[in-house]
>>> print(open('start.cif').read())   # mmCIF, C-alpha atoms and all ligand atoms; chains and numbers go by the auth columns
data_entry
#
loop_
_atom_site.group_PDB
_atom_site.id
_atom_site.type_symbol
_atom_site.label_atom_id
_atom_site.label_comp_id
_atom_site.label_asym_id
_atom_site.label_seq_id
_atom_site.Cartn_x
_atom_site.Cartn_y
_atom_site.Cartn_z
_atom_site.B_iso_or_equiv
_atom_site.auth_seq_id
_atom_site.auth_asym_id
ATOM 1 C CA MET A 1 111.337 108.452 120.069 0.00 601 A
ATOM 2 C CA ALA A 2 109.435 106.346 117.494 0.00 602 A
ATOM 3 C CA ILE A 3 107.312 104.423 120.020 0.00 603 A
ATOM 4 C CA ASP A 4 106.982 105.205 123.722 0.00 604 A
ATOM 5 C CA ALA A 5 106.297 103.088 126.798 0.00 605 A
ATOM 6 C CA ASP A 6 102.529 103.524 126.443 0.00 606 A
ATOM 7 C CA GLY A 7 102.615 102.280 122.849 0.00 607 A
ATOM 8 C CA LEU A 8 102.018 105.753 121.370 0.00 608 A
ATOM 9 C CA ILE A 9 103.673 106.187 117.992 0.00 609 A
ATOM 10 C CA SER A 10 105.419 109.117 116.376 0.00 610 A
ATOM 11 C CA PRO A 11 106.305 108.168 112.796 0.00 611 A
ATOM 12 C CA PRO A 12 109.094 110.333 111.311 0.00 612 A
ATOM 13 C CA PHE A 13 107.055 111.215 108.184 0.00 613 A
ATOM 14 C CA ASP A 14 104.689 113.945 107.102 0.00 614 A
ATOM 15 C CA PHE A 15 102.798 113.687 103.802 0.00 615 A
ATOM 16 C CA ASN A 16 100.201 116.377 104.374 0.00 616 A
ATOM 17 C CA HIS A 17 99.843 119.912 103.043 0.00 617 A
ATOM 18 C CA ALA A 18 101.416 122.634 105.235 0.00 618 A
ATOM 19 C CA ASP A 19 97.930 123.900 106.202 0.00 619 A
ATOM 20 C CA VAL A 20 97.218 120.467 107.686 0.00 620 A
ATOM 21 C CA SER A 21 100.685 119.709 109.051 0.00 621 A
ATOM 22 C CA ARG A 22 100.760 122.737 111.308 0.00 622 A
ATOM 23 C CA PHE A 23 98.432 120.738 113.561 0.00 623 A
ATOM 24 C CA SER A 24 99.318 117.381 115.098 0.00 624 A
ATOM 25 C CA PRO A 25 98.336 114.313 113.027 0.00 625 A
ATOM 26 C CA GLU A 26 95.888 113.259 115.732 0.00 626 A
ATOM 27 C CA VAL A 27 94.044 116.611 115.600 0.00 627 A
ATOM 28 C CA THR A 28 93.429 116.592 111.846 0.00 628 A
ATOM 29 C CA GLY A 29 93.195 112.793 111.716 0.00 629 A
ATOM 30 C CA ARG A 30 90.369 112.750 114.256 0.00 630 A
ATOM 31 C CA ILE A 31 88.468 115.507 112.431 0.00 631 A
ATOM 32 C CA ALA A 32 88.809 113.665 109.100 0.00 632 A
ATOM 33 C CA ILE A 33 87.880 110.252 110.543 0.00 633 A
ATOM 34 C CA ASN A 34 84.901 111.605 112.495 0.00 634 A
ATOM 35 C CA SER A 35 83.620 113.502 109.479 0.00 635 A
ATOM 36 C CA MET A 36 83.949 110.416 107.256 0.00 636 A
ATOM 37 C CA CYS A 37 82.141 108.228 109.835 0.00 637 A
ATOM 38 C CA GLU A 38 79.304 110.706 110.211 0.00 638 A
ATOM 39 C CA ARG A 39 78.890 111.011 106.443 0.00 639 A
ATOM 40 C CA LEU A 40 78.922 107.222 106.034 0.00 640 A
ATOM 41 C CA GLY A 41 76.260 106.976 108.743 0.00 641 A
ATOM 42 C CA TRP A 42 78.614 105.298 111.243 0.00 642 A
ATOM 43 C CA SER A 43 78.681 106.390 114.889 0.00 643 A
ATOM 44 C CA SER A 44 82.437 105.608 115.009 0.00 644 A
ATOM 45 C CA LEU A 45 84.986 103.180 113.561 0.00 645 A
ATOM 46 C CA GLY A 46 83.991 100.707 116.309 0.00 646 A
ATOM 47 C CA GLY A 47 83.241 97.279 114.789 0.00 647 A
ATOM 48 C CA ARG A 48 84.237 98.446 111.277 0.00 648 A
ATOM 49 C CA ARG A 49 86.792 97.169 108.775 0.00 649 A
ATOM 50 C CA LEU A 50 88.412 100.063 106.914 0.00 650 A
ATOM 51 C CA LEU A 51 90.811 99.953 103.964 0.00 651 A
ATOM 52 C CA ASP A 52 92.831 103.187 103.716 0.00 652 A
ATOM 53 C CA PHE A 53 94.424 103.486 100.263 0.00 653 A
ATOM 54 C CA GLY A 54 97.369 105.916 100.090 0.00 654 A
ATOM 55 C CA CYS A 55 97.382 105.790 103.868 0.00 655 A
ATOM 56 C CA GLY A 56 100.588 107.627 104.756 0.00 656 A
ATOM 57 C CA VAL A 57 100.888 107.547 108.552 0.00 657 A
ATOM 58 C CA ARG A 58 98.192 109.941 109.802 0.00 658 A
ATOM 59 C CA PHE A 59 95.197 107.662 110.408 0.00 659 A
ATOM 60 C CA ALA A 60 97.298 104.895 111.975 0.00 660 A
ATOM 61 C CA THR A 61 98.819 107.474 114.337 0.00 661 A
ATOM 62 C CA THR A 62 95.364 108.829 115.173 0.00 662 A
ATOM 63 C CA ILE A 63 93.745 105.436 115.784 0.00 663 A
ATOM 64 C CA ILE A 64 96.595 104.230 117.999 0.00 664 A
ATOM 65 C CA ASN A 65 97.369 107.388 119.939 0.00 665 A
ATOM 66 C CA LEU A 66 93.709 108.297 120.564 0.00 666 A
ATOM 67 C CA GLU A 67 92.821 104.669 121.342 0.00 667 A
ATOM 68 C CA MET A 68 90.028 104.656 118.773 0.00 668 A
ATOM 69 C CA GLU A 69 87.914 101.530 118.474 0.00 669 A
ATOM 70 C CA ILE A 70 88.087 99.683 115.176 0.00 670 A
ATOM 71 C CA ASP A 71 87.752 96.085 114.059 0.00 671 A
ATOM 72 C CA LEU A 72 90.389 96.202 111.312 0.00 672 A
ATOM 73 C CA TYR A 73 92.394 98.988 109.695 0.00 673 A
ATOM 74 C CA ALA A 74 94.434 98.097 106.610 0.00 674 A
ATOM 75 C CA GLY A 75 96.707 100.808 105.239 0.00 675 A
ATOM 76 C CA VAL A 76 98.101 100.532 101.696 0.00 676 A
ATOM 77 C CA ASP A 77 100.719 102.842 100.225 0.00 677 A
ATOM 78 C CA THR A 78 103.084 102.954 97.288 0.00 678 A
ATOM 79 C CA ASN A 79 105.759 104.576 99.428 0.00 679 A
ATOM 80 C CA ALA A 80 107.771 101.735 100.971 0.00 680 A
ATOM 81 C CA ALA A 81 109.442 103.717 103.799 0.00 681 A
ATOM 82 C CA PRO A 82 106.358 104.593 105.911 0.00 682 A
ATOM 83 C CA ILE A 83 104.891 101.135 105.358 0.00 683 A
ATOM 84 C CA SER A 84 108.005 99.374 106.605 0.00 684 A
ATOM 85 C CA TRP A 85 108.223 101.801 109.540 0.00 685 A
ATOM 86 C CA LEU A 86 104.606 101.078 110.504 0.00 686 A
ATOM 87 C CA LYS A 87 105.105 97.325 110.111 0.00 687 A
ATOM 88 C CA GLU A 88 108.124 97.472 112.408 0.00 688 A
ATOM 89 C CA ASN A 89 106.708 99.765 115.073 0.00 689 A
ATOM 90 C CA VAL A 90 102.969 99.102 115.356 0.00 690 A
ATOM 91 C CA ARG A 91 102.186 96.257 117.754 0.00 691 A
ATOM 92 C CA ASP A 92 98.391 96.646 117.660 0.00 692 A
ATOM 93 C CA THR A 93 97.116 93.645 115.683 0.00 693 A
ATOM 94 C CA ARG A 94 93.927 95.465 114.613 0.00 694 A
ATOM 95 C CA LEU A 95 96.120 97.449 112.223 0.00 695 A
ATOM 96 C CA GLN A 96 97.962 96.022 109.220 0.00 696 A
ATOM 97 C CA PHE A 97 100.045 97.646 106.511 0.00 697 A
ATOM 98 C CA HIS A 98 100.769 96.723 102.902 0.00 698 A
ATOM 99 C CA HIS A 99 103.193 98.080 100.359 0.00 699 A
ATOM 100 C CA LEU A 100 101.807 98.318 96.802 0.00 700 A
ATOM 101 C CA ASN A 101 104.554 99.052 94.297 0.00 701 A
ATOM 102 C CA MET A 102 102.205 101.014 92.029 0.00 702 A
ATOM 103 C CA ARG A 103 103.792 103.468 89.625 0.00 703 A
ATOM 104 C CA SER A 104 103.031 107.073 90.470 0.00 704 A
ATOM 105 C CA THR A 105 104.597 110.014 88.633 0.00 705 A
ATOM 106 C CA MET A 106 104.877 111.948 91.861 0.00 706 A
ATOM 107 C CA TYR A 107 105.417 109.300 94.526 0.00 707 A
ATOM 108 C CA ASN A 108 106.885 106.211 92.869 0.00 708 A
ATOM 109 C CA PRO A 109 107.992 106.686 89.249 0.00 709 A
ATOM 110 C CA ALA A 110 109.911 103.377 89.243 0.00 710 A
ATOM 111 C CA GLY A 111 106.847 101.348 90.270 0.00 711 A
ATOM 112 C CA VAL A 112 104.731 99.072 88.096 0.00 712 A
ATOM 113 C CA THR A 113 101.116 99.103 86.907 0.00 713 A
ATOM 114 C CA PRO A 114 99.052 96.668 88.988 0.00 714 A
ATOM 115 C CA THR A 115 96.112 94.726 87.593 0.00 715 A
ATOM 116 C CA VAL A 116 92.556 95.299 88.699 0.00 716 A
ATOM 117 C CA GLU A 117 92.792 92.149 90.879 0.00 717 A
ATOM 118 C CA THR A 118 96.009 93.097 92.693 0.00 718 A
ATOM 119 C CA LEU A 119 94.504 94.243 96.020 0.00 719 A
ATOM 120 C CA GLU A 120 92.104 91.306 96.061 0.00 720 A
ATOM 121 C CA LEU A 121 95.033 88.944 95.505 0.00 721 A
ATOM 122 C CA MET A 122 96.736 90.580 98.510 0.00 722 A
ATOM 123 C CA GLN A 123 93.698 89.299 100.528 0.00 723 A
ATOM 124 C CA LEU A 124 92.393 92.857 100.931 0.00 724 A
ATOM 125 C CA ARG A 125 88.707 91.940 100.779 0.00 725 A
ATOM 126 C CA ASN A 126 85.468 92.221 102.736 0.00 726 A
ATOM 127 C CA PHE A 127 85.992 95.694 104.142 0.00 727 A
ATOM 128 C CA ASP A 128 83.003 97.815 105.159 0.00 728 A
ATOM 129 C CA ALA A 129 84.471 100.734 103.235 0.00 729 A
ATOM 130 C CA ALA A 130 87.611 101.908 101.494 0.00 730 A
ATOM 131 C CA CYS A 131 88.831 105.484 101.902 0.00 731 A
ATOM 132 C CA MET A 132 91.309 107.806 100.220 0.00 732 A
ATOM 133 C CA PHE A 133 92.235 111.208 101.562 0.00 733 A
ATOM 134 C CA SER A 134 94.316 113.437 99.248 0.00 734 A
ATOM 135 C CA VAL A 135 95.188 110.530 96.976 0.00 735 A
ATOM 136 C CA ILE A 136 93.099 111.173 93.836 0.00 736 A
ATOM 137 C CA THR A 137 94.499 114.729 94.106 0.00 737 A
ATOM 138 C CA HIS A 138 97.813 113.199 92.966 0.00 738 A
ATOM 139 C CA GLN A 139 96.611 110.860 90.203 0.00 739 A
ATOM 140 C CA GLU A 140 96.516 111.103 86.452 0.00 740 A
ATOM 141 C CA PRO A 141 93.184 109.839 85.059 0.00 741 A
ATOM 142 C CA GLU A 142 94.336 106.330 84.047 0.00 742 A
ATOM 143 C CA ASP A 143 95.788 105.686 87.484 0.00 743 A
ATOM 144 C CA ALA A 144 92.757 107.143 89.272 0.00 744 A
ATOM 145 C CA GLU A 145 90.431 104.905 87.288 0.00 745 A
ATOM 146 C CA LEU A 146 92.546 101.830 87.971 0.00 746 A
ATOM 147 C CA ILE A 147 92.540 102.607 91.697 0.00 747 A
ATOM 148 C CA PHE A 148 88.746 102.986 91.698 0.00 748 A
ATOM 149 C CA ALA A 149 88.402 99.652 89.893 0.00 749 A
ATOM 150 C CA MET A 150 90.806 97.866 92.282 0.00 750 A
ATOM 151 C CA LEU A 151 88.978 99.189 95.348 0.00 751 A
ATOM 152 C CA ARG A 152 85.587 98.084 94.036 0.00 752 A
ATOM 153 C CA ARG A 153 86.715 94.493 94.621 0.00 753 A
ATOM 154 C CA CYS A 154 87.605 95.221 98.252 0.00 754 A
ATOM 155 C CA ALA A 155 84.598 97.069 99.699 0.00 755 A
ATOM 156 C CA PRO A 156 80.967 97.931 98.869 0.00 756 A
ATOM 157 C CA ARG A 157 81.463 101.623 99.711 0.00 757 A
ATOM 158 C CA LEU A 158 84.107 104.195 98.957 0.00 758 A
ATOM 159 C CA TYR A 159 84.834 107.544 100.593 0.00 759 A
ATOM 160 C CA PHE A 160 87.404 109.789 98.947 0.00 760 A
ATOM 161 C CA THR A 161 88.436 113.383 98.529 0.00 761 A
ATOM 162 C CA ALA A 162 89.483 115.086 95.293 0.00 762 A
ATOM 163 C CA LEU A 163 90.451 118.464 93.933 0.00 763 A
ATOM 164 C CA ILE A 164 87.350 119.543 91.980 0.00 764 A
ATOM 165 C CA ASP A 165 87.275 122.431 89.556 0.00 765 A
ATOM 166 C CA ASP A 166 84.192 122.579 87.357 0.00 766 A
ATOM 167 C CA ARG A 167 85.738 125.313 85.210 0.00 767 A
ATOM 168 C CA VAL A 168 88.206 122.819 83.693 0.00 768 A
ATOM 169 C CA ARG A 169 87.412 120.550 80.773 0.00 769 A
ATOM 170 C CA GLY A 170 87.569 117.207 82.501 0.00 770 A
ATOM 171 C CA TYR A 171 91.069 117.080 83.976 0.00 771 A
ATOM 172 C CA VAL A 172 94.017 119.413 84.372 0.00 772 A
ATOM 173 C CA GLU A 173 97.346 119.475 86.157 0.00 773 A
ATOM 174 C CA LYS A 174 97.301 122.748 88.114 0.00 774 A
ATOM 175 C CA ASP A 175 101.079 122.599 88.500 0.00 775 A
ATOM 176 C CA PRO A 176 102.100 121.367 85.020 0.00 776 A
ATOM 177 C CA GLN A 177 105.816 121.300 85.886 0.00 777 A
ATOM 178 C CA ASN A 178 105.059 118.744 88.606 0.00 778 A
ATOM 179 C CA ILE A 179 102.663 116.138 87.274 0.00 779 A
ATOM 180 C CA GLY A 180 100.606 114.660 90.106 0.00 780 A
ATOM 181 C CA HIS A 181 101.240 117.541 92.468 0.00 781 A
ATOM 182 C CA LEU A 182 97.759 118.996 91.970 0.00 782 A
ATOM 183 C CA SER A 183 95.557 116.906 89.681 0.00 783 A
ATOM 184 C CA ALA A 184 92.153 118.575 89.311 0.00 784 A
ATOM 185 C CA TYR A 185 88.982 117.055 87.871 0.00 785 A
ATOM 186 C CA SER A 186 85.564 118.308 86.903 0.00 786 A
ATOM 187 C CA THR A 187 82.698 116.618 88.743 0.00 787 A
ATOM 188 C CA GLU A 188 81.396 115.204 85.461 0.00 788 A
ATOM 189 C CA ARG A 189 84.735 113.642 84.509 0.00 789 A
ATOM 190 C CA LEU A 190 85.173 112.093 87.942 0.00 790 A
ATOM 191 C CA LYS A 191 81.641 110.671 87.880 0.00 791 A
ATOM 192 C CA GLU A 192 82.262 109.209 84.435 0.00 792 A
ATOM 193 C CA MET A 193 85.467 107.516 85.676 0.00 793 A
ATOM 194 C CA LEU A 194 83.627 106.172 88.719 0.00 794 A
ATOM 195 C CA ARG A 195 80.791 104.845 86.584 0.00 795 A
ATOM 196 C CA ARG A 196 83.222 103.037 84.283 0.00 796 A
ATOM 197 C CA SER A 197 84.895 101.515 87.361 0.00 797 A
ATOM 198 C CA GLY A 198 81.582 100.197 88.708 0.00 798 A
ATOM 199 C CA TRP A 199 80.796 102.851 91.331 0.00 799 A
ATOM 200 C CA ALA A 200 77.708 105.050 91.736 0.00 800 A
ATOM 201 C CA VAL A 201 78.042 108.365 93.580 0.00 801 A
ATOM 202 C CA GLU A 202 75.699 108.395 96.610 0.00 802 A
ATOM 203 C CA ARG A 203 76.552 111.898 97.777 0.00 803 A
ATOM 204 C CA SER A 204 79.192 114.573 97.544 0.00 804 A
ATOM 205 C CA PHE A 205 80.223 117.210 100.065 0.00 805 A
ATOM 206 C CA PRO A 206 81.837 120.610 99.429 0.00 806 A
ATOM 207 C CA PRO A 207 85.380 121.263 100.690 0.00 807 A
ATOM 208 C CA GLY A 208 85.511 121.810 104.444 0.00 808 A
ATOM 209 C CA PHE A 209 87.732 121.510 107.482 0.00 809 A
ATOM 210 C CA PHE A 210 91.033 119.928 106.335 0.00 810 A
ATOM 211 C CA GLN A 211 89.285 118.154 103.486 0.00 811 A
ATOM 212 C CA GLN A 212 88.733 118.741 99.775 0.00 812 A
ATOM 213 C CA THR A 213 85.459 117.876 98.020 0.00 813 A
ATOM 214 C CA ALA A 214 84.430 114.440 99.324 0.00 814 A
ATOM 215 C CA PHE A 215 82.469 111.689 97.603 0.00 815 A
ATOM 216 C CA ILE A 216 80.648 108.654 98.946 0.00 816 A
ATOM 217 C CA CYS A 217 80.134 105.924 96.374 0.00 817 A
ATOM 218 C CA SER A 218 78.533 102.516 96.434 0.00 818 A
ATOM 219 C CA ARG A 219 79.179 99.514 94.242 0.00 819 A
ATOM 220 C CA ALA A 220 76.945 99.641 91.198 0.00 820 A
ATOM 221 C CA GLY A 221 75.479 96.591 89.517 0.00 821 A
HETATM 222 C C1 LIG B . 98.970 113.617 100.439 0.00 901 A
HETATM 223 S S1 LIG B . 99.376 112.018 101.032 0.00 901 A
HETATM 224 C C2 LIG B . 97.940 111.639 102.036 0.00 901 A
HETATM 225 C C3 LIG B . 98.218 110.562 103.066 0.00 901 A
HETATM 226 C C4 LIG B . 97.003 110.159 103.920 0.00 901 A
HETATM 227 N N1 LIG B . 95.919 109.658 103.102 0.00 901 A
HETATM 228 C C5 LIG B . 96.536 111.318 104.762 0.00 901 A
HETATM 229 O O1 LIG B . 95.471 111.875 104.487 0.00 901 A
HETATM 230 O O2 LIG B . 97.254 111.684 105.692 0.00 901 A
HETATM 231 C C6 LIG B . 99.118 110.962 99.617 0.00 901 A
HETATM 232 C C7 LIG B . 99.518 109.527 99.891 0.00 901 A
HETATM 233 O O3 LIG B . 99.067 108.707 98.816 0.00 901 A
HETATM 234 C C8 LIG B . 100.083 107.772 98.503 0.00 901 A
HETATM 235 N N2 LIG B . 99.886 107.346 97.113 0.00 901 A
HETATM 236 C C9 LIG B . 99.892 108.128 96.010 0.00 901 A
HETATM 237 N N3 LIG B . 99.679 107.400 94.906 0.00 901 A
HETATM 238 C C10 LIG B . 99.516 106.124 95.322 0.00 901 A
HETATM 239 C C11 LIG B . 99.255 104.894 94.645 0.00 901 A
HETATM 240 N N4 LIG B . 99.139 104.835 93.319 0.00 901 A
HETATM 241 N N5 LIG B . 99.156 103.755 95.373 0.00 901 A
HETATM 242 C C12 LIG B . 99.259 103.808 96.732 0.00 901 A
HETATM 243 N N6 LIG B . 99.533 104.944 97.426 0.00 901 A
HETATM 244 C C13 LIG B . 99.639 106.090 96.735 0.00 901 A
HETATM 245 C C14 LIG B . 101.376 108.533 98.739 0.00 901 A
HETATM 246 O O4 LIG B . 102.496 107.709 98.885 0.00 901 A
HETATM 247 C C15 LIG B . 101.028 109.310 100.003 0.00 901 A
HETATM 248 O O5 LIG B . 101.307 108.573 101.159 0.00 901 A
#
>>> encode(input="start.cif", output="structure tokens")
Amino acid sequence: MAIDADGLISPPFDFNHADVSRFSPEVTGRIAINSMCERLGWSSLGGRRLLDFGCGVRFATTIINLEMEIDLYAGVDTNAAPISWLKENVRDTRLQFHHLNMRSTMYNPAGVTPTVETLELMQLRNFDAACMFSVITHQEPEDAELIFAMLRRCAPRLYFTALIDDRVRGYVEKDPQNIGHLSAYSTERLKEMLRRSGWAVERSFPPGFFQQTAFICSRAG
């Protein structure tokens, strides 16, 4: 059943790695959300406005099914199917969902290249933070930099995870037959892209429980 009598949801999608998907979305979702909140210096999502870019369905499922407090959760994804499912099945007005038809070699090759203002023009503004879990891991550098620049207009802080390998010269596709399957960056290259997009890295955290290397950034300038 997609939605039960208590309003719990069970979206028929799974976008996570097998190591993550062997647990329920609420188990790994809660660990990821709690870790992000703690690192951002938040006691919880209570009273916060969070923009989740490349949202999939995991955090929406976690917030709803575990009755987490939050002021506003906006999920954005290039994949139309989960977004339309969430729009149809989620009744909780604290959560909203937006389809962004951004071209992605792996997820949406027929999409288009947005402009740096696109999210702002979709009224996605004034969030406390934007987050991306396992999204930069699937981006070529131009797309990653555009995403960073778009998000800078939406929130003063950014939390994201990425596949870091400081042995590579800047950027490499670890699975070259499948571009965007495993896009790895050196720390220096990622920092340079963030700087050009108007972000300063506050802190980074080594890979841990269900999460790759994580970065907290704040708007520079
Ligand atoms: C590995 S999944 C992670 C989903 C979710 N963040 C989570 O942790 O459960 C990557 C997600 O990013 C989305 N995505 C990838 N590139 C995107 C882009 N350019 N714009 C919006 N969403 C994108 C995919 O459609 C997919 O839902």
>>> closest_residue(input="start.cif", among="A:Val772, A:Cys637, A:Ala680, A:Ile779", to="ligand LIG 901 (chain A)", atoms="all atoms listed in the file")
A:Ala680
>>> resolve_selection(input="start.cif", expression="the PyMOL selection byres (((chain A and resi 768) around 10) and not hetatm)", output="PyMOL selection string")
chain A and resi 764-767+769-772+784-787+789
>>> write_last_selection(input="start.cif", atoms="C-alpha atoms", output="PDB file, in the coordinates of the input")
ATOM      1  CA  ILE A 764      87.350 119.543  91.980  1.00  0.00           C
ATOM      2  CA  ASP A 765      87.275 122.431  89.556  1.00  0.00           C
ATOM      3  CA  ASP A 766      84.192 122.579  87.357  1.00  0.00           C
ATOM      4  CA  ARG A 767      85.738 125.313  85.210  1.00  0.00           C
ATOM      5  CA  ARG A 769      87.412 120.550  80.773  1.00  0.00           C
ATOM      6  CA  GLY A 770      87.569 117.207  82.501  1.00  0.00           C
ATOM      7  CA  TYR A 771      91.069 117.080  83.976  1.00  0.00           C
ATOM      8  CA  VAL A 772      94.017 119.413  84.372  1.00  0.00           C
ATOM      9  CA  ALA A 784      92.153 118.575  89.311  1.00  0.00           C
ATOM     10  CA  TYR A 785      88.982 117.055  87.871  1.00  0.00           C
ATOM     11  CA  SER A 786      85.564 118.308  86.903  1.00  0.00           C
ATOM     12  CA  THR A 787      82.698 116.618  88.743  1.00  0.00           C
ATOM     13  CA  ARG A 789      84.735 113.642  84.509  1.00  0.00           C
TER      14      ARG A 789
END
>>> atom_distance(input="start.cif", atom1="atom CA of Arg819 of chain A", atom2="atom CA of Gly798 of chain A")
6.1 Å
>>> resolve_selection(input="start.cif", expression="the PyMOL selection byres (((not hetatm)) within 7 of (chain A and resi 901))", output="JSON list (two decimals) with C-alpha atoms, in the coordinates of the input")
[["chain", "number", "residue", "atom", "x", "y", "z"],
["A", 615, "PHE", "CA", 102.80, 113.69, 103.80],
["A", 616, "ASN", "CA", 100.20, 116.38, 104.37],
["A", 617, "HIS", "CA", 99.84, 119.91, 103.04],
["A", 653, "PHE", "CA", 94.42, 103.49, 100.26],
["A", 654, "GLY", "CA", 97.37, 105.92, 100.09],
["A", 655, "CYS", "CA", 97.38, 105.79, 103.87],
["A", 656, "GLY", "CA", 100.59, 107.63, 104.76],
["A", 657, "VAL", "CA", 100.89, 107.55, 108.55],
["A", 658, "ARG", "CA", 98.19, 109.94, 109.80],
["A", 659, "PHE", "CA", 95.20, 107.66, 110.41],
["A", 676, "VAL", "CA", 98.10, 100.53, 101.70],
["A", 677, "ASP", "CA", 100.72, 102.84, 100.22],
["A", 678, "THR", "CA", 103.08, 102.95, 97.29],
["A", 679, "ASN", "CA", 105.76, 104.58, 99.43],
["A", 700, "LEU", "CA", 101.81, 98.32, 96.80],
["A", 702, "MET", "CA", 102.20, 101.01, 92.03],
["A", 703, "ARG", "CA", 103.79, 103.47, 89.62],
["A", 704, "SER", "CA", 103.03, 107.07, 90.47],
["A", 707, "TYR", "CA", 105.42, 109.30, 94.53],
["A", 732, "MET", "CA", 91.31, 107.81, 100.22],
["A", 733, "PHE", "CA", 92.24, 111.21, 101.56],
["A", 734, "SER", "CA", 94.32, 113.44, 99.25],
["A", 735, "VAL", "CA", 95.19, 110.53, 96.98],
["A", 738, "HIS", "CA", 97.81, 113.20, 92.97],
["A", 739, "GLN", "CA", 96.61, 110.86, 90.20],
["A", 743, "ASP", "CA", 95.79, 105.69, 87.48]]
>>> resolve_selection(input="start.cif", expression="the PyMOL selection byres (((chain A and resi 683-698) around 10) and not hetatm)", output="VMD selection string")
chain A and resid 602 to 603 607 to 613 649 to 653 655 to 657 660 to 661 663 to 664 669 to 682 699 to 701 719 722 724
>>> atom_distance(input="start.cif", atom1="atom CA of Leu746 of chain A", atom2="atom CA of Val716 of chain A")
6.6 Å
>>> residues_around(input="start.cif", residues="Lys774 of chain A", least_positions_apart="4", cutoff="10 Å", atoms="only C-alpha atoms", output="PyMOL selection string")
chain A and resi 763+778-784
>>> write_last_selection(input="start.cif", atoms="C-alpha atoms", output="PDB file, in the coordinates of the input")
ATOM      1  CA  LEU A 763      90.451 118.464  93.933  1.00  0.00           C
ATOM      2  CA  ASN A 778     105.059 118.744  88.606  1.00  0.00           C
ATOM      3  CA  ILE A 779     102.663 116.138  87.274  1.00  0.00           C
ATOM      4  CA  GLY A 780     100.606 114.660  90.106  1.00  0.00           C
ATOM      5  CA  HIS A 781     101.240 117.541  92.468  1.00  0.00           C
ATOM      6  CA  LEU A 782      97.759 118.996  91.970  1.00  0.00           C
ATOM      7  CA  SER A 783      95.557 116.906  89.681  1.00  0.00           C
ATOM      8  CA  ALA A 784      92.153 118.575  89.311  1.00  0.00           C
TER       9      ALA A 784
END
>>> axis_aligned_box(input="start.cif", around="segment 737-751 of chain A", padding_each_side="4 Å", output="lines of an AutoDock Vina configuration file")
center_x = 93.1
center_y = 106.3
center_z = 89.7
size_x = 17.4
size_y = 24.9
size_z = 19.3
>>> atom_distance(input="start.cif", atom1="atom CA of Ser818 of chain A", atom2="atom CA of Arg648 of chain A")
16.4 Å
>>> residues_near_point(input="start.cif", point="(87.5, 110.0, 92.6)", cutoff="8 Å", atoms="only C-alpha atoms", output="list in words")
Ile736, Ala744, Glu745, Phe748, Phe760, Thr761, Ala762, Leu790, Lys791, Met793, Leu794 and Phe815 of chain A
>>> write_last_selection(input="start.cif", atoms="C-alpha atoms", output="PDB file, in the coordinates of the input")
ATOM      1  CA  ILE A 736      93.099 111.173  93.836  1.00  0.00           C
ATOM      2  CA  ALA A 744      92.757 107.143  89.272  1.00  0.00           C
ATOM      3  CA  GLU A 745      90.431 104.905  87.288  1.00  0.00           C
ATOM      4  CA  PHE A 748      88.746 102.986  91.698  1.00  0.00           C
ATOM      5  CA  PHE A 760      87.404 109.789  98.947  1.00  0.00           C
ATOM      6  CA  THR A 761      88.436 113.383  98.529  1.00  0.00           C
ATOM      7  CA  ALA A 762      89.483 115.086  95.293  1.00  0.00           C
ATOM      8  CA  LEU A 790      85.173 112.093  87.942  1.00  0.00           C
ATOM      9  CA  LYS A 791      81.641 110.671  87.880  1.00  0.00           C
ATOM     10  CA  MET A 793      85.467 107.516  85.676  1.00  0.00           C
ATOM     11  CA  LEU A 794      83.627 106.172  88.719  1.00  0.00           C
ATOM     12  CA  PHE A 815      82.469 111.689  97.603  1.00  0.00           C
TER      13      PHE A 815
END
>>> closest_residue(input="start.cif", among="A:Asp606, A:Ala632, A:Met706, A:Ala749", to="Gln777 of chain A", atoms="all atoms listed in the file")
A:Met706
>>> build_atoms(input="start.cif", residues="segment 680-685 of chain A", atoms="N, CA, C and O atoms", output="JSON list (two decimals), in the coordinates of the input")
[["chain", "number", "residue", "atom", "x", "y", "z"],
["A", 680, "ALA", "N", 107.34, 102.88, 100.15],
["A", 680, "ALA", "CA", 107.77, 101.74, 100.97],
["A", 680, "ALA", "C", 108.23, 102.15, 102.38],
["A", 680, "ALA", "O", 108.02, 101.41, 103.34],
["A", 681, "ALA", "N", 108.83, 103.35, 102.51],
["A", 681, "ALA", "CA", 109.44, 103.72, 103.80],
["A", 681, "ALA", "C", 108.42, 103.81, 104.94],
["A", 681, "ALA", "O", 108.62, 103.19, 106.00],
["A", 682, "PRO", "N", 107.31, 104.55, 104.79],
["A", 682, "PRO", "CA", 106.36, 104.59, 105.91],
["A", 682, "PRO", "C", 105.73, 103.24, 106.19],
["A", 682, "PRO", "O", 105.45, 102.90, 107.35],
["A", 683, "ILE", "N", 105.51, 102.45, 105.13],
["A", 683, "ILE", "CA", 104.89, 101.14, 105.36],
["A", 683, "ILE", "C", 105.85, 100.25, 106.16],
["A", 683, "ILE", "O", 105.44, 99.60, 107.13],
["A", 684, "SER", "N", 107.12, 100.25, 105.82],
["A", 684, "SER", "CA", 108.00, 99.37, 106.60],
["A", 684, "SER", "C", 108.18, 99.91, 108.02],
["A", 684, "SER", "O", 108.26, 99.14, 108.98],
["A", 685, "TRP", "N", 108.14, 101.25, 108.17],
["A", 685, "TRP", "CA", 108.22, 101.80, 109.54],
["A", 685, "TRP", "C", 107.01, 101.34, 110.36],
["A", 685, "TRP", "O", 107.14, 100.91, 111.51]]
